[in-house]
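Asks: Structure below; questions to follow.
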Amino acid sequence: QVQLVESGGGLVQAGGSLRLSCAASGSTWRIINMGWYRQAPGKQRELVARITSGASTNYADSVKGRFTISRDSAKNTVDLQMNSLKPEDTAVYYCRLLDGRYVEYWGQGTQVTVSS
């Protein structure tokens, strides 16, 4: 079993920055990828950014050039640096891990609110 603990959400003004962190613990014997998703009120959960075990990354078009995902494989952590935040970035952000058995795990979510 894998546990994911997120931190770093909060309230920020438009144009500001936040950094989200996610730490994985438990049976993290093989990780295919880790990533961040978000869900705004009334909307479906969507991919924000994802990083593979080989450090390949992909981003939602809406965050390219503003967000950066990084991973520390030794510590099993994944961070999301969010710059130039916009009100439309407001959402609950979830950390997700996909392991070698193609089982996915989710964190509890952290709220990010961007005021205009």
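Here, A, B, ... name the chains of the structure tokens in the order displayed, residue numbers run from 1 inside each chain, and ligands are numbered from 1 in the same displayed order.
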Could you name the residues that touch Ile31 in chain A at 9 Å or less, counting only C-alpha atoms, but leaving out those on the same chain fewer than 5 positions away, as a ChimeraX atom specification?
Replies: /A:52-53,76,97-101
Asks: Since we have the selection now, will you write its residues out, keeping all heavy atoms, as an mmCIF file, in the first residue's frame?
Replies:
```cif
data_model
loop_
_atom_site.group_PDB
_atom_site.id
_atom_site.type_symbol
_atom_site.label_atom_id
_atom_site.label_comp_id
_atom_site.auth_asym_id
_atom_site.auth_seq_id
_atom_site.Cartn_x
_atom_site.Cartn_y
_atom_site.Cartn_z
ATOM 1 N N THR A 52 7.706 10.938 -15.326
ATOM 2 C CA THR A 52 7.931 9.496 -15.294
ATOM 3 C C THR A 52 9.181 9.159 -14.490
ATOM 4 O O THR A 52 9.952 10.044 -14.103
ATOM 5 C CB THR A 52 8.091 8.945 -16.710
ATOM 6 O OG1 THR A 52 9.343 9.416 -17.245
ATOM 7 C CG2 THR A 52 6.943 9.378 -17.612
ATOM 8 N N SER A 53 9.395 7.869 -14.306
ATOM 9 C CA SER A 53 10.595 7.431 -13.596
ATOM 10 C C SER A 53 11.847 7.809 -14.381
ATOM 11 O O SER A 53 12.918 7.959 -13.796
ATOM 12 C CB SER A 53 10.558 5.921 -13.367
ATOM 13 O OG SER A 53 10.448 5.245 -14.610
ATOM 14 N N ASN A 76 11.272 9.780 -3.012
ATOM 15 C CA ASN A 76 9.894 9.529 -3.470
ATOM 16 C C ASN A 76 9.001 10.737 -3.248
ATOM 17 O O ASN A 76 7.890 10.628 -2.697
ATOM 18 C CB ASN A 76 9.305 8.287 -2.795
ATOM 19 C CG ASN A 76 9.883 6.999 -3.348
ATOM 20 O OD1 ASN A 76 10.241 6.930 -4.522
ATOM 21 N ND2 ASN A 76 10.000 5.991 -2.515
ATOM 22 N N LEU A 97 0.072 8.741 -7.956
ATOM 23 C CA LEU A 97 1.198 7.851 -8.216
ATOM 24 C C LEU A 97 0.693 6.614 -8.940
ATOM 25 O O LEU A 97 -0.336 6.051 -8.554
ATOM 26 C CB LEU A 97 1.876 7.456 -6.899
ATOM 27 C CG LEU A 97 3.090 6.527 -6.932
ATOM 28 C CD1 LEU A 97 3.992 6.810 -5.726
ATOM 29 C CD2 LEU A 97 2.714 5.069 -6.955
ATOM 30 N N LEU A 98 1.407 6.220 -9.979
ATOM 31 C CA LEU A 98 1.097 4.983 -10.704
ATOM 32 C C LEU A 98 2.258 4.027 -10.488
ATOM 33 O O LEU A 98 3.409 4.357 -10.847
ATOM 34 C CB LEU A 98 0.905 5.251 -12.186
ATOM 35 C CG LEU A 98 0.502 4.043 -13.032
ATOM 36 C CD1 LEU A 98 -0.885 3.565 -12.649
ATOM 37 C CD2 LEU A 98 0.566 4.380 -14.527
ATOM 38 N N ASP A 99 1.965 2.864 -9.903
ATOM 39 C CA ASP A 99 3.064 1.952 -9.604
ATOM 40 C C ASP A 99 3.233 0.903 -10.706
ATOM 41 O O ASP A 99 2.505 0.892 -11.705
ATOM 42 C CB ASP A 99 2.890 1.336 -8.216
ATOM 43 C CG ASP A 99 1.834 0.233 -8.173
ATOM 44 O OD1 ASP A 99 1.319 -0.172 -9.231
ATOM 45 O OD2 ASP A 99 1.535 -0.232 -7.062
ATOM 46 N N GLY A 100 4.224 0.031 -10.514
ATOM 47 C CA GLY A 100 4.585 -0.938 -11.533
ATOM 48 C C GLY A 100 3.520 -1.970 -11.845
ATOM 49 O O GLY A 100 3.610 -2.665 -12.866
ATOM 50 N N ARG A 101 2.532 -2.091 -10.981
ATOM 51 C CA ARG A 101 1.405 -2.997 -11.247
ATOM 52 C C ARG A 101 0.247 -2.251 -11.890
ATOM 53 O O ARG A 101 -0.848 -2.804 -12.027
ATOM 54 C CB ARG A 101 0.948 -3.637 -9.932
ATOM 55 C CG ARG A 101 2.021 -4.453 -9.218
ATOM 56 C CD ARG A 101 1.617 -4.711 -7.783
ATOM 57 N NE ARG A 101 1.501 -3.469 -7.038
ATOM 58 C CZ ARG A 101 1.034 -3.374 -5.809
ATOM 59 N NH1 ARG A 101 0.631 -4.464 -5.181
ATOM 60 N NH2 ARG A 101 0.972 -2.200 -5.201
#
```
Asks: Which of chain A counts as strand (DSSP E or B) under DSSP, as a VMD selection string please?
Replies: chain A and resid 2 to 7 10 to 13 18 to 26 31 to 39 46 to 52 57 to 59 67 to 72 77 to 82 91 to 99 104 to 106 110 to 115
Asks: Fewer than 5 positions away in the same chain doesn't count, so skip those; otherwise give me all residues within 10 Å of Gly54 in chain A, counting only C-alpha atoms, as a ChimeraX atom specification.
Replies: /A:32-33,73
Asks: Can you list, as a ChimeraX atom specification, every protein, DNA or RNA residue that comes within 9 Å of Ser84 in chain A when you count only C-alpha atoms, leaving out same-chain residues fewer than 2 positions away?
Replies: /A:14-17,66-67,82,86
Asks: Ranking A:Ser70, A:Lys64, A:Val2, A:Thr77 by minimum distance to Trp29 in chain A and counting only C-alpha atoms, which one comes first?
Replies: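 Answer, going by the shortest atom-to-atom distance: A:Val2.
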Asks: Mind checking which residues fall within 10 Å of Glu46 in chain A, counting only C-alpha atoms, ignoring those fewer than 6 positions away in the same chain, and posting them as a ChimeraX atom specification?
Replies: /A:36-40,60,93-94
Asks: Which one of A:Leu85, A:Ala23, A:Ala74, A:Val5 sits closest to Ser115 in chain A if you count only C-alpha atoms?
Replies: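 Answer, going by the shortest atom-to-atom distance: A:Leu85.
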Asks: Pick out the residues sitting within 10 Å of Pro41 in chain A, and hand them over as a PyMOL selection string; count only C-alpha atoms, and ignore anything fewer than 3 positions along from it in its own chain.
Replies: chain A and resi 44-45+90-92
Asks: For each of A:Glu88, A:Asp79, A:Asp72, A:Asp61, take the minimum atom-to-atom distance to Gly35 in chain A, counting only C-alpha atoms, then give the residue where this is smallest.
Replies: A:Asp79
Asks: Can you tell me which residues surround Leu18 in chain A at a distance of at most 8 Å, considering only C-alpha atoms, apart from same-chain residues fewer than 5 positions away, and format the answer as a VMD selection string?
Replies: chain A and resid 8 to 10 12 81 to 83
Asks: Please determine, counting only C-alpha atoms, which residue among A:Ser21, A:Gln108, A:Ser62, A:Ser56 has the shortest atom-to-atom distance to Gln3 in chain A.
Replies: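 Of the candidates, the smallest distance to Gln3 in chain A is held by A:Gln108.
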Asks: Please report the interatomic distance between CA of Ile51 in chain A and CA of Ser25 in chain A in Å with one decimal.
Replies: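 Distance between the two atoms: 17.5 Å.
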Asks: What does the distance from CA of Thr57 in chain A to CA of Gly26 in chain A come to in Å, to one decimal?
Replies: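 Those two atoms sit 24.0 Å apart.
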Asks: Counting only C-alpha atoms, figure out which residue out of A:Leu4, A:Ala24, A:Cys95, A:Val114 gets nearest to Ile69 in chain A.
Replies: A:Cys95
